[in-house]
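Engineer: Contents of coords07.cif (mmCIF, C-alpha atoms and all ligand atoms) are given next:
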```cif
data_target
#
loop_
_atom_site.group_PDB
_atom_site.id
_atom_site.type_symbol
_atom_site.label_atom_id
_atom_site.label_comp_id
_atom_site.auth_asym_id
_atom_site.auth_seq_id
_atom_site.Cartn_x
_atom_site.Cartn_y
_atom_site.Cartn_z
ATOM 1 C CA MET S 1 115.642 -50.903 21.667
ATOM 2 C CA PRO S 2 118.717 -51.959 19.674
ATOM 3 C CA THR S 3 120.101 -49.416 17.229
ATOM 4 C CA VAL S 4 119.313 -50.059 13.572
ATOM 5 C CA GLY S 5 122.429 -49.920 11.384
ATOM 6 C CA VAL S 6 120.804 -50.522 8.008
ATOM 7 C CA GLU S 7 117.125 -50.564 7.124
ATOM 8 C CA PHE S 8 115.306 -51.707 4.004
ATOM 9 C CA ALA S 9 111.824 -50.175 4.090
ATOM 10 C CA LYS S 10 109.377 -51.727 1.604
ATOM 11 C CA VAL S 11 112.059 -51.954 -1.053
ATOM 12 C CA SER S 12 111.284 -53.176 -4.553
ATOM 13 C CA TYR S 13 113.329 -53.216 -7.716
ATOM 14 C CA THR S 14 111.898 -53.577 -11.198
ATOM 15 C CA LEU S 15 113.923 -53.563 -14.405
ATOM 16 C CA ALA S 16 112.981 -51.239 -17.272
ATOM 17 C CA GLY S 17 111.371 -54.166 -19.130
ATOM 18 C CA GLY S 18 109.090 -54.874 -16.145
ATOM 19 C CA ARG S 19 110.937 -57.841 -14.610
ATOM 20 C CA VAL S 20 110.740 -57.674 -10.833
ATOM 21 C CA LEU S 21 114.040 -58.502 -9.089
ATOM 22 C CA LEU S 22 113.073 -57.539 -5.521
ATOM 23 C CA ARG S 23 109.609 -57.435 -3.986
ATOM 24 C CA ASP S 24 108.586 -55.408 -0.988
ATOM 25 C CA ILE S 25 111.527 -56.147 1.275
ATOM 26 C CA SER S 26 111.537 -54.768 4.797
ATOM 27 C CA LEU S 27 114.433 -55.601 7.101
ATOM 28 C CA GLN S 28 116.147 -53.836 9.953
ATOM 29 C CA LEU S 29 119.741 -54.863 10.566
ATOM 30 C CA GLU S 30 120.837 -54.317 14.135
ATOM 31 C CA ALA S 31 123.937 -52.136 14.383
ATOM 32 C CA GLY S 32 127.108 -54.051 15.137
ATOM 33 C CA THR S 33 125.728 -57.445 14.103
ATOM 34 C CA THR S 34 126.171 -59.707 11.097
ATOM 35 C CA THR S 35 123.284 -60.780 8.870
ATOM 36 C CA ALA S 36 123.748 -63.376 6.145
ATOM 37 C CA LEU S 37 121.695 -63.405 2.941
ATOM 38 C CA LEU S 38 121.128 -66.830 1.460
ATOM 39 C CA GLY S 39 119.133 -68.023 -1.515
ATOM 40 C CA ARG S 40 119.628 -69.695 -4.829
ATOM 41 C CA SER S 41 121.528 -68.023 -7.628
ATOM 42 C CA GLY S 42 119.469 -65.191 -9.128
ATOM 43 C CA SER S 43 117.249 -64.721 -6.052
ATOM 44 C CA GLY S 44 118.328 -61.076 -5.732
ATOM 45 C CA LYS S 45 120.929 -61.155 -2.945
ATOM 46 C CA THR S 46 123.556 -59.046 -4.714
ATOM 47 C CA THR S 47 120.948 -56.572 -5.956
ATOM 48 C CA LEU S 48 119.709 -56.055 -2.394
ATOM 49 C CA LEU S 49 123.220 -55.683 -0.991
ATOM 50 C CA ARG S 50 124.177 -53.142 -3.657
ATOM 51 C CA MET S 51 121.278 -50.929 -2.665
ATOM 52 C CA VAL S 52 123.057 -50.158 0.592
ATOM 53 C CA ASN S 53 125.934 -48.322 -1.090
ATOM 54 C CA ASN S 54 123.783 -46.788 -3.825
ATOM 55 C CA LEU S 55 125.049 -48.983 -6.648
ATOM 56 C CA VAL S 56 121.382 -49.879 -7.189
ATOM 57 C CA THR S 57 118.541 -47.460 -6.452
ATOM 58 C CA PRO S 58 115.243 -48.977 -5.292
ATOM 59 C CA SER S 59 112.292 -48.545 -7.684
ATOM 60 C CA THR S 60 110.061 -48.075 -4.647
ATOM 61 C CA GLY S 61 110.782 -47.954 -0.934
ATOM 62 C CA GLU S 62 113.841 -46.672 0.873
ATOM 63 C CA VAL S 63 117.155 -47.864 2.218
ATOM 64 C CA LEU S 64 118.482 -46.132 5.321
ATOM 65 C CA VAL S 65 122.040 -46.268 6.644
ATOM 66 C CA ALA S 66 122.383 -44.986 10.220
ATOM 67 C CA GLY S 67 118.892 -43.521 9.831
ATOM 68 C CA GLN S 68 119.734 -41.541 6.663
ATOM 69 C CA GLN S 69 117.989 -42.262 3.369
ATOM 70 C CA THR S 70 120.590 -43.351 0.855
ATOM 71 C CA ARG S 71 118.532 -41.859 -1.966
ATOM 72 C CA ASP S 72 119.308 -38.327 -0.756
ATOM 73 C CA ALA S 73 122.807 -39.067 0.496
ATOM 74 C CA ASP S 74 126.057 -37.771 -0.936
ATOM 75 C CA THR S 75 127.151 -41.019 -2.583
ATOM 76 C CA ILE S 76 130.868 -40.436 -1.982
ATOM 77 C CA ALA S 77 130.374 -39.794 1.739
ATOM 78 C CA LEU S 78 127.985 -42.740 1.956
ATOM 79 C CA ARG S 79 130.463 -45.122 0.326
ATOM 80 C CA ARG S 80 133.192 -43.911 2.641
ATOM 81 C CA SER S 81 131.040 -45.067 5.566
ATOM 82 C CA ILE S 82 130.573 -48.491 3.980
ATOM 83 C CA GLY S 83 133.237 -51.127 3.357
ATOM 84 C CA TYR S 84 132.608 -53.317 0.324
ATOM 85 C CA VAL S 85 134.263 -56.688 -0.231
ATOM 86 C CA ILE S 86 133.616 -58.791 -3.327
ATOM 87 C CA GLN S 87 134.754 -62.210 -4.466
ATOM 88 C CA GLU S 88 136.979 -60.820 -7.241
ATOM 89 C CA THR S 89 138.617 -58.424 -4.717
ATOM 90 C CA GLY S 90 138.817 -55.566 -7.257
ATOM 91 C CA LEU S 91 142.466 -54.888 -6.372
ATOM 92 C CA PHE S 92 144.437 -52.752 -8.817
ATOM 93 C CA PRO S 93 147.029 -55.091 -10.395
ATOM 94 C CA HIS S 94 149.617 -52.340 -10.949
ATOM 95 C CA MET S 95 149.539 -51.132 -7.348
ATOM 96 C CA THR S 96 151.260 -52.564 -4.297
ATOM 97 C CA VAL S 97 149.399 -54.071 -1.365
ATOM 98 C CA GLU S 98 150.042 -50.901 0.606
ATOM 99 C CA ARG S 99 148.531 -48.632 -2.031
ATOM 100 C CA ASN S 100 145.618 -50.936 -2.660
ATOM 101 C CA ALA S 101 144.821 -51.166 1.038
ATOM 102 C CA GLY S 102 145.155 -47.403 1.470
ATOM 103 C CA MET S 103 143.302 -46.437 -1.710
ATOM 104 C CA THR S 104 140.134 -45.150 -0.038
ATOM 105 C CA LEU S 105 142.252 -43.059 2.347
ATOM 106 C CA GLU S 106 144.295 -41.692 -0.542
ATOM 107 C CA LEU S 107 141.053 -40.711 -2.301
ATOM 108 C CA ALA S 108 139.894 -39.049 0.909
ATOM 109 C CA GLY S 109 143.052 -36.903 0.821
ATOM 110 C CA ARG S 110 144.673 -38.246 3.991
ATOM 111 C CA SER S 111 148.362 -37.607 4.551
ATOM 112 C CA LYS S 112 150.995 -40.220 3.651
ATOM 113 C CA ASP S 113 151.937 -40.797 7.292
ATOM 114 C CA GLU S 114 148.344 -41.187 8.349
ATOM 115 C CA ILE S 115 147.723 -43.666 5.532
ATOM 116 C CA ALA S 116 150.824 -45.722 6.382
ATOM 117 C CA THR S 117 149.825 -45.952 10.055
ATOM 118 C CA ARG S 118 146.275 -46.933 9.268
ATOM 119 C CA VAL S 119 147.290 -49.469 6.588
ATOM 120 C CA ARG S 120 149.692 -51.090 9.038
ATOM 121 C CA ASP S 121 146.831 -51.387 11.548
ATOM 122 C CA VAL S 122 144.260 -52.827 9.145
ATOM 123 C CA MET S 123 146.788 -55.230 7.640
ATOM 124 C CA SER S 124 147.517 -56.528 11.105
ATOM 125 C CA LEU S 125 143.761 -56.834 11.739
ATOM 126 C CA VAL S 126 143.388 -59.131 8.705
ATOM 127 C CA GLY S 127 146.538 -61.121 9.537
ATOM 128 C CA LEU S 128 149.030 -59.703 7.013
ATOM 129 C CA GLU S 129 152.442 -58.699 8.257
ATOM 130 C CA TYR S 130 153.009 -55.129 7.043
ATOM 131 C CA GLU S 131 156.728 -55.247 6.247
ATOM 132 C CA GLU S 132 156.453 -58.611 4.549
ATOM 133 C CA PHE S 133 153.532 -57.773 2.286
ATOM 134 C CA ARG S 134 153.351 -54.050 1.739
ATOM 135 C CA ARG S 135 155.556 -53.883 -1.357
ATOM 136 C CA ARG S 136 154.025 -56.906 -3.109
ATOM 137 C CA TYR S 137 151.665 -56.711 -6.056
ATOM 138 C CA PRO S 138 148.379 -58.656 -6.149
ATOM 139 C CA TRP S 139 149.855 -61.275 -8.496
ATOM 140 C CA GLN S 140 152.478 -62.040 -5.849
ATOM 141 C CA LEU S 141 149.783 -63.096 -3.371
ATOM 142 C CA SER S 142 147.664 -66.213 -2.889
ATOM 143 C CA GLY S 143 143.889 -65.935 -3.300
ATOM 144 C CA GLY S 144 143.428 -65.857 0.471
ATOM 145 C CA GLN S 145 146.036 -63.118 0.878
ATOM 146 C CA ARG S 146 144.407 -61.064 -1.895
ATOM 147 C CA GLN S 147 141.092 -61.387 -0.110
ATOM 148 C CA ARG S 148 142.753 -60.201 3.107
ATOM 149 C CA VAL S 149 144.006 -57.101 1.278
ATOM 150 C CA GLY S 150 140.490 -56.494 -0.066
ATOM 151 C CA LEU S 151 139.173 -56.699 3.460
ATOM 152 C CA ALA S 152 141.916 -54.410 4.784
ATOM 153 C CA ARG S 153 140.994 -51.843 2.130
ATOM 154 C CA ALA S 154 137.319 -52.099 3.078
ATOM 155 C CA LEU S 155 138.161 -51.472 6.740
ATOM 156 C CA ALA S 156 140.674 -48.680 6.179
ATOM 157 C CA THR S 157 138.208 -45.797 6.544
ATOM 158 C CA ASP S 158 136.733 -47.462 9.641
ATOM 159 C CA PRO S 159 133.265 -47.728 8.061
ATOM 160 C CA THR S 160 130.190 -48.414 10.179
ATOM 161 C CA VAL S 161 128.815 -50.882 7.644
ATOM 162 C CA LEU S 162 130.551 -53.747 5.870
ATOM 163 C CA LEU S 163 129.045 -55.322 2.757
ATOM 164 C CA MET S 164 130.519 -58.664 1.780
ATOM 165 C CA ASP S 165 129.412 -60.388 -1.409
ATOM 166 C CA GLU S 166 130.678 -63.981 -1.506
ATOM 167 C CA PRO S 167 134.017 -62.789 -0.084
ATOM 168 C CA LEU S 168 135.413 -66.303 0.287
ATOM 169 C CA GLY S 169 133.678 -67.882 -2.703
ATOM 170 C CA ALA S 170 136.799 -68.434 -4.787
ATOM 171 C CA LEU S 171 138.927 -70.085 -2.103
ATOM 172 C CA ASP S 172 139.747 -73.746 -1.467
ATOM 173 C CA PRO S 173 138.050 -75.274 1.602
ATOM 174 C CA LEU S 174 141.115 -75.116 3.862
ATOM 175 C CA THR S 175 141.933 -71.483 3.087
ATOM 176 C CA ARG S 176 138.250 -70.688 3.309
ATOM 177 C CA ALA S 177 138.031 -72.215 6.792
ATOM 178 C CA GLU S 178 141.090 -70.231 7.897
ATOM 179 C CA MET S 179 139.561 -67.039 6.545
ATOM 180 C CA GLN S 180 136.261 -67.775 8.275
ATOM 181 C CA THR S 181 138.066 -68.095 11.605
ATOM 182 C CA MET S 182 139.935 -64.845 10.987
ATOM 183 C CA LEU S 183 136.708 -63.079 9.917
ATOM 184 C CA ARG S 184 134.750 -64.289 12.924
ATOM 185 C CA ASP S 185 137.394 -62.954 15.324
ATOM 186 C CA LEU S 186 137.706 -59.743 13.359
ATOM 187 C CA LEU S 187 133.956 -59.104 13.232
ATOM 188 C CA LYS S 188 133.704 -59.618 16.983
ATOM 189 C CA LYS S 189 136.475 -57.089 17.474
ATOM 190 C CA VAL S 190 135.352 -54.341 15.089
ATOM 191 C CA GLY S 191 131.591 -54.265 15.794
ATOM 192 C CA LYS S 192 130.386 -53.339 12.282
ATOM 193 C CA THR S 193 126.926 -53.786 10.844
ATOM 194 C CA VAL S 194 127.636 -56.532 8.335
ATOM 195 C CA LEU S 195 125.589 -57.821 5.425
ATOM 196 C CA LEU S 196 127.113 -61.002 4.051
ATOM 197 C CA VAL S 197 126.007 -62.714 0.858
ATOM 198 C CA THR S 198 127.080 -66.320 0.756
ATOM 199 C CA HIS S 199 126.026 -69.643 -0.740
ATOM 200 C CA ASP S 200 127.639 -71.509 2.101
ATOM 201 C CA LEU S 201 125.145 -72.343 4.852
ATOM 202 C CA ASP S 202 127.827 -73.366 7.352
ATOM 203 C CA GLU S 203 129.676 -70.120 6.729
ATOM 204 C CA ALA S 204 126.453 -68.158 7.305
ATOM 205 C CA LEU S 205 125.791 -69.998 10.566
ATOM 206 C CA TYR S 206 129.390 -69.562 11.714
ATOM 207 C CA LEU S 207 129.621 -65.838 10.976
ATOM 208 C CA ALA S 208 126.106 -64.416 11.254
ATOM 209 C CA ARG S 209 123.696 -63.868 14.097
ATOM 210 C CA ARG S 210 120.752 -63.728 11.712
ATOM 211 C CA VAL S 211 120.072 -65.460 8.406
ATOM 212 C CA VAL S 212 117.665 -64.113 5.790
ATOM 213 C CA PHE S 213 116.601 -66.347 2.898
ATOM 214 C CA LEU S 214 115.549 -64.834 -0.421
ATOM 215 C CA SER S 215 113.611 -66.579 -3.145
ATOM 216 C CA GLU S 216 112.585 -64.905 -6.400
ATOM 217 C CA GLY S 217 113.264 -61.483 -4.954
ATOM 218 C CA ALA S 218 111.271 -61.903 -1.749
ATOM 219 C CA VAL S 219 112.223 -62.677 1.840
ATOM 220 C CA VAL S 220 110.943 -66.194 2.549
ATOM 221 C CA ALA S 221 112.617 -66.741 5.930
ATOM 222 C CA ASP S 222 114.272 -64.535 8.523
ATOM 223 C CA LEU S 223 115.751 -66.491 11.397
ATOM 224 C CA ALA S 224 118.258 -66.353 14.207
ATOM 225 C CA ALA S 225 121.249 -68.460 13.117
ATOM 226 C CA GLU S 226 120.577 -71.068 15.798
ATOM 227 C CA GLU S 227 117.032 -71.630 14.493
ATOM 228 C CA VAL S 228 118.035 -72.459 10.929
ATOM 229 C CA LEU S 229 118.871 -76.166 11.165
ATOM 230 C CA GLN S 230 115.614 -76.974 13.015
ATOM 231 C CA SER S 231 113.397 -74.741 10.889
ATOM 232 C CA GLU S 232 110.234 -76.216 9.360
ATOM 233 C CA ASN S 233 110.107 -73.455 6.731
ATOM 234 C CA PRO S 234 110.121 -75.339 3.398
ATOM 235 C CA HIS S 235 112.597 -72.931 1.768
ATOM 236 C CA VAL S 236 115.014 -73.322 4.656
ATOM 237 C CA LYS S 237 114.540 -77.086 4.834
ATOM 238 C CA ASP S 238 115.280 -77.397 1.123
ATOM 239 C CA TYR S 239 118.476 -75.422 1.548
ATOM 240 C CA VAL S 240 119.608 -77.354 4.615
ATOM 241 C CA GLN S 241 118.854 -80.716 2.993
ATOM 242 C CA ALA S 242 120.680 -79.758 -0.207
ATOM 243 C CA VAL S 243 123.782 -78.880 1.799
ATOM 244 C CA HIS S 244 123.695 -81.705 4.295
ATOM 245 C CA ARG S 245 122.504 -84.572 2.084
ATOM 246 C CA THR S 246 124.519 -87.731 2.352
ATOM 247 C CA VAL S 247 125.854 -89.418 -0.731
ATOM 248 C CA GLN S 248 123.705 -92.471 -1.523
ATOM 249 C CA ALA S 249 125.315 -95.558 -2.981
HETATM 250 N N1 LIG F 1 120.848 -54.564 -14.172
HETATM 251 C C1 LIG F 1 120.332 -55.757 -14.466
HETATM 252 N N2 LIG F 1 119.775 -55.982 -15.658
HETATM 253 C C2 LIG F 1 119.221 -57.174 -15.958
HETATM 254 N N3 LIG F 1 119.169 -58.212 -15.107
HETATM 255 C C3 LIG F 1 119.720 -58.049 -13.902
HETATM 256 C C4 LIG F 1 120.336 -56.825 -13.501
HETATM 257 N N4 LIG F 1 120.802 -56.972 -12.260
HETATM 258 C C5 LIG F 1 120.496 -58.247 -11.891
HETATM 259 N N5 LIG F 1 119.848 -58.884 -12.884
HETATM 260 C C6 LIG F 1 119.271 -60.242 -12.804
HETATM 261 O O1 LIG F 1 118.512 -60.267 -11.617
HETATM 262 C C7 LIG F 1 118.569 -61.517 -10.974
HETATM 263 C C8 LIG F 1 119.062 -61.335 -9.556
HETATM 264 O O2 LIG F 1 120.466 -61.044 -9.588
HETATM 265 P P1 LIG F 1 121.383 -61.017 -8.295
HETATM 266 O O3 LIG F 1 122.780 -60.877 -8.782
HETATM 267 O O4 LIG F 1 120.866 -60.025 -7.355
HETATM 268 O O5 LIG F 1 121.142 -62.476 -7.715
HETATM 269 P P2 LIG F 1 121.982 -63.275 -6.634
HETATM 270 O O6 LIG F 1 120.984 -63.904 -5.739
HETATM 271 O O7 LIG F 1 122.996 -62.391 -6.024
HETATM 272 O O8 LIG F 1 122.688 -64.358 -7.534
HETATM 273 P P3 LIG F 1 124.129 -65.101 -7.341
HETATM 274 O O9 LIG F 1 123.980 -65.893 -6.103
HETATM 275 O O10 LIG F 1 124.248 -65.952 -8.557
HETATM 276 O O11 LIG F 1 125.167 -64.043 -7.266
HETATM 277 C C9 LIG F 1 119.465 -62.380 -11.870
HETATM 278 O O12 LIG F 1 118.622 -63.150 -12.695
HETATM 279 C C10 LIG F 1 120.263 -61.360 -12.670
HETATM 280 O O13 LIG F 1 120.638 -61.873 -13.905
#
```
Output the structure of this file as structure tokens.
Structural biologist:
Amino acid sequence: MPTVGVEFAKVSYTLAGGRVLLRDISLQLEAGTTTALLGRSGSGKTTLLRMVNNLVTPSTGEVLVAGQQTRDADTIALRRSIGYVIQETGLFPHMTVERNAGMTLELAGRSKDEIATRVRDVMSLVGLEYEEFRRRYPWQLSGGQRQRVGLARALATDPTVLLMDEPLGALDPLTRAEMQTMLRDLLKKVGKTVLLVTHDLDEALYLARRVVFLSEGAVVADLAAEEVLQSENPHVKDYVQAVHRTVQA
């Protein structure tokens, strides 16, 4: 039996006013593999992802990370075991690349030497040359480079889980393709349990082993990546056709 890295067990989420954002979601994410979450805007992808690091608490059901219920977990320790990458990067503008990338280690009280060594390693992992970039500020970087720093920061504590919410959403197609290549190699190397929210079907198929489609807060398809393009599931077909339609004269 493969090890389960993250589990959603009958998870629902209802807002105070009664609006249901997630309905009875059960998924087991195999440790060391990448799962992509797809679905139209507002389908609940980000809400589901944020349950993993306790930014959102399920109304019913449980989320388990490495077999531990997140509800009872020490949130700080839990978040240290989970890397989190978002489209806006969340880098501190007044801090250098080195400090940004090492922030989680600094918060964990690691020594300066230890932080410098680790930051050098994770920067190299994401394709940033340490001496060239370490003293720069976020505004002195391109969007792709900023995203690399965000990824380096997420990897610095060597988390077992990596949450990525539209990490490449703000990048031009060429930079995005470069980043996808880098990410694919990196994910193969590091063996994390990854949950990736994306709107880009090709990106999902390139990076993920499994693709889960959400619609109105429910799972409507759960497929191996290689099954997606041939799927007869109407939700999946709609998505594939929307992406791959040809321009009619
Ligand atoms: N705390 C909240 N209070 C009110 N509405 C919320 C809250 N959190 C999320 N929503 C709403 O719930 C729905 C699902 O949001 P969510 O961000 O999970 O969707 P998504 O699939 O990630 O969308 P996108 O692809 O646009 O990022 C949206 O309609 C959003 O406005």
Engineer: Closest to Glu7 of chain S among S:Leu91, S:Val228, S:Ala66, S:Ile82, using only C-alpha atoms?
Structural biologist: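 Looking at the shortest contact to Glu7 of chain S, the residue is S:Ala66.
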Engineer: Name the residues, by chain letter and number, that sit within 7 Å of ligand LIG 1 (chain F) using all atoms listed in the file, and give them as a list in words.
Structural biologist: Leu15, Leu21, Gly39, Arg40, Ser41, Gly42, Ser43, Gly44, Lys45, Thr46, Thr47, Leu48 and His199 of chain S
Engineer: For the provided coordinates, the residues matched by the PyMOL selection byres (((chain S and resi 31) around 12) and not hetatm) should be stated as a list in words.
Structural biologist: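 Output from the PyMOL selection byres (((chain S and resi 31) around 12) and not hetatm), applied to this file: Met1, Pro2, Thr3, Val4, Gly5, Val6, Glu7, Gln28, Leu29, Glu30, Gly32, Thr33, Thr34, Thr35, Val65, Ala66, Gly67, Thr160, Val161, Leu162, Val190, Gly191, Lys192, Thr193, Val194, Leu195 and Arg209 of chain S.
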Engineer: Here's the selection I'm unsure about, the PyMOL selection byres (((chain S and resi 168) around 12) and not hetatm); applied to the file above, which residues does it give, as an NGL selection string?
Structural biologist: :S and (85-89 or 143-148 or 150-151 or 164-167 or 169-183 or 196-200 or 203-204)
Engineer: Can you list, as a list in words, every protein, DNA or RNA residue that comes within 10 Å of Thr14 of chain S when you count all atoms listed in the file, leaving out same-chain residues fewer than 6 positions away?
Structural biologist: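 Here the qualifying residues turn out to be Val20, Leu21, Leu22, Arg23, Pro58, Ser59 and Thr60 of chain S.
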Engineer: Take the residues just selected and output them with C-alpha atoms as a PDB file, in the coordinates of the input.
Structural biologist:
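Final output, again-v7.pdb:
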```pdb
ATOM      1  CA  VAL S  20     110.740 -57.674 -10.833  1.00  0.00           C
ATOM      2  CA  LEU S  21     114.040 -58.502  -9.089  1.00  0.00           C
ATOM      3  CA  LEU S  22     113.073 -57.539  -5.521  1.00  0.00           C
ATOM      4  CA  ARG S  23     109.609 -57.435  -3.986  1.00  0.00           C
ATOM      5  CA  PRO S  58     115.243 -48.977  -5.292  1.00  0.00           C
ATOM      6  CA  SER S  59     112.292 -48.545  -7.684  1.00  0.00           C
ATOM      7  CA  THR S  60     110.061 -48.075  -4.647  1.00  0.00           C
TER       8      THR S  60
END
```
Engineer: With all atoms listed in the file as the atoms that count, which of S:Leu187, S:Leu37, S:Leu64, S:Ala9 lies nearest to Ser215 of chain S?
Structural biologist: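 Nearest candidate to Ser215 of chain S out of S:Leu187, S:Leu37, S:Leu64, S:Ala9: S:Leu37.
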Engineer: Write out as JSON an axis-aligned box for segment 223-242 of chain S: all of its atoms listed in the file, 3 Å added on each side, centre and edge lengths in Å with one decimal.
Structural biologist:
```
{"center_x": 115.7, "center_y": -73.5, "center_z": 7.8, "size_x": 17.1, "size_y": 20.4, "size_z": 22.0}
```
Engineer: What does the structure give for the distance between atom CA of Ser111 of chain S and atom CA of Tyr84 of chain S, in Å to one decimal?
Structural biologist: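 For atom CA of Ser111 of chain S relative to atom CA of Tyr84 of chain S, the distance reads 22.6 Å.
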Engineer: Expand the PyMOL selection byres (((chain S and resi 95) around 12) and not hetatm) into the explicit residue set it covers here, and present it as a PDB file with C-alpha atoms, in the frame of the given file.
Structural biologist:
```pdb
ATOM      1  CA  GLY S  90     138.817 -55.566  -7.257  1.00  0.00           C
ATOM      2  CA  LEU S  91     142.466 -54.888  -6.372  1.00  0.00           C
ATOM      3  CA  PHE S  92     144.437 -52.752  -8.817  1.00  0.00           C
ATOM      4  CA  PRO S  93     147.029 -55.091 -10.395  1.00  0.00           C
ATOM      5  CA  HIS S  94     149.617 -52.340 -10.949  1.00  0.00           C
ATOM      6  CA  THR S  96     151.260 -52.564  -4.297  1.00  0.00           C
ATOM      7  CA  VAL S  97     149.399 -54.071  -1.365  1.00  0.00           C
ATOM      8  CA  GLU S  98     150.042 -50.901   0.606  1.00  0.00           C
ATOM      9  CA  ARG S  99     148.531 -48.632  -2.031  1.00  0.00           C
ATOM     10  CA  ASN S 100     145.618 -50.936  -2.660  1.00  0.00           C
ATOM     11  CA  ALA S 101     144.821 -51.166   1.038  1.00  0.00           C
ATOM     12  CA  GLY S 102     145.155 -47.403   1.470  1.00  0.00           C
ATOM     13  CA  MET S 103     143.302 -46.437  -1.710  1.00  0.00           C
ATOM     14  CA  ARG S 134     153.351 -54.050   1.739  1.00  0.00           C
ATOM     15  CA  ARG S 135     155.556 -53.883  -1.357  1.00  0.00           C
ATOM     16  CA  ARG S 136     154.025 -56.906  -3.109  1.00  0.00           C
ATOM     17  CA  TYR S 137     151.665 -56.711  -6.056  1.00  0.00           C
ATOM     18  CA  PRO S 138     148.379 -58.656  -6.149  1.00  0.00           C
ATOM     19  CA  TRP S 139     149.855 -61.275  -8.496  1.00  0.00           C
ATOM     20  CA  GLN S 140     152.478 -62.040  -5.849  1.00  0.00           C
ATOM     21  CA  VAL S 149     144.006 -57.101   1.278  1.00  0.00           C
TER      22      VAL S 149
END
```
Engineer: Leaving out Ile115 of chain S and any residue of its chain fewer than 5 positions from it, which residues lie within 9 Å of it when counting all atoms listed in the file, given as number ranges by chain?
Structural biologist: S: 102-103, 105-106, 110, 120, 156
Engineer: Output C-alpha atoms for every residue in that selection, as an mmCIF file, in the frame of the given file.
Structural biologist:
```cif
data_model
loop_
_atom_site.group_PDB
_atom_site.id
_atom_site.type_symbol
_atom_site.label_atom_id
_atom_site.label_comp_id
_atom_site.auth_asym_id
_atom_site.auth_seq_id
_atom_site.Cartn_x
_atom_site.Cartn_y
_atom_site.Cartn_z
ATOM 1 C CA GLY S 102 145.155 -47.403 1.470
ATOM 2 C CA MET S 103 143.302 -46.437 -1.710
ATOM 3 C CA LEU S 105 142.252 -43.059 2.347
ATOM 4 C CA GLU S 106 144.295 -41.692 -0.542
ATOM 5 C CA ARG S 110 144.673 -38.246 3.991
ATOM 6 C CA ARG S 120 149.692 -51.090 9.038
ATOM 7 C CA ALA S 156 140.674 -48.680 6.179
#
```
Engineer: Of the candidates S:Val63, S:Leu107, S:Val56, S:Ala208, which one gets nearest to Phe8 of chain S if we count all atoms listed in the file?
Structural biologist: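 Comparing S:Val63, S:Leu107, S:Val56, S:Ala208 against Phe8 of chain S, the winner is S:Val63.
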Engineer: Skip Val240 of chain S itself and residues of its chain fewer than 5 positions away, then list as a ChimeraX atom specification all residues within 9 Å of it, counting all atoms listed in the file.
Structural biologist: /S:201,228-229,235,245
Engineer: Find the distance between atom CA of His244 of chain S and atom CA of Ser231 of chain S and write it in Å to one decimal.
Structural biologist: 14.1 Å
Engineer: Have a look at atom CA of Leu223 of chain S and atom CA of Glu62 of chain S and let me know their distance in Å, one decimal.
Structural biologist: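 Atom CA of Glu62 of chain S lies 22.5 Å from atom CA of Leu223 of chain S.
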Engineer: Would you pick out the contacts of Pro234 of chain S at 10 Å or less, using only C-alpha atoms, so that residues sharing its chain but fewer than 4 positions from it are not included, and give the list as a PyMOL selection string?
Structural biologist: chain S and resi 220-221+238-240
Engineer: Looking at only C-alpha atoms, which of S:Ala116, S:Val11, S:Leu163, S:Ala225 is the one that sits closest to Thr57 of chain S?
Structural biologist: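 The shortest atom-to-atom distance to Thr57 of chain S comes from S:Val11.
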Engineer: Rank S:Ile76, S:Leu128, S:Ile25, S:Ala16 by their smallest atom-to-atom distance to Gly61 of chain S, using only C-alpha atoms, and report the top residue only.
Structural biologist: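 Closest to Gly61 of chain S of all the choices is S:Ile25.
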Engineer: Which is closest to Val126 of chain S among S:Val52, S:Thr104, S:Leu38, S:Ala154, if we use only C-alpha atoms?
Structural biologist: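 Going through S:Val52, S:Thr104, S:Leu38, S:Ala154 one by one, the smallest distance to Val126 of chain S is for S:Ala154.
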Engineer: Would you fill the gaps in segment 114-121 of chain S so it has N, CA and C atoms, then print it as a compact mmCIF listing (two decimals), in the frame of the given file?
Structural biologist:
```txt
# COMPACT_ATOMS: atom_id res chain seq x y z
N GLU S 114 149.60 -40.69 7.79
CA GLU S 114 148.34 -41.19 8.35
C GLU S 114 147.93 -42.48 7.64
N ILE S 115 148.11 -42.48 6.32
CA ILE S 115 147.72 -43.67 5.53
C ILE S 115 148.60 -44.85 5.94
N ALA S 116 149.91 -44.62 6.04
CA ALA S 116 150.82 -45.72 6.38
C ALA S 116 150.47 -46.32 7.74
N THR S 117 150.17 -45.46 8.70
CA THR S 117 149.82 -45.95 10.06
C THR S 117 148.55 -46.78 10.01
N ARG S 118 147.57 -46.24 9.31
CA ARG S 118 146.28 -46.93 9.27
C ARG S 118 146.38 -48.26 8.50
N VAL S 119 147.14 -48.24 7.38
CA VAL S 119 147.29 -49.47 6.59
C VAL S 119 148.00 -50.54 7.42
N ARG S 120 149.00 -50.13 8.17
CA ARG S 120 149.69 -51.09 9.04
C ARG S 120 148.69 -51.73 10.02
N ASP S 121 147.83 -50.88 10.58
CA ASP S 121 146.83 -51.39 11.55
C ASP S 121 145.83 -52.35 10.90
```
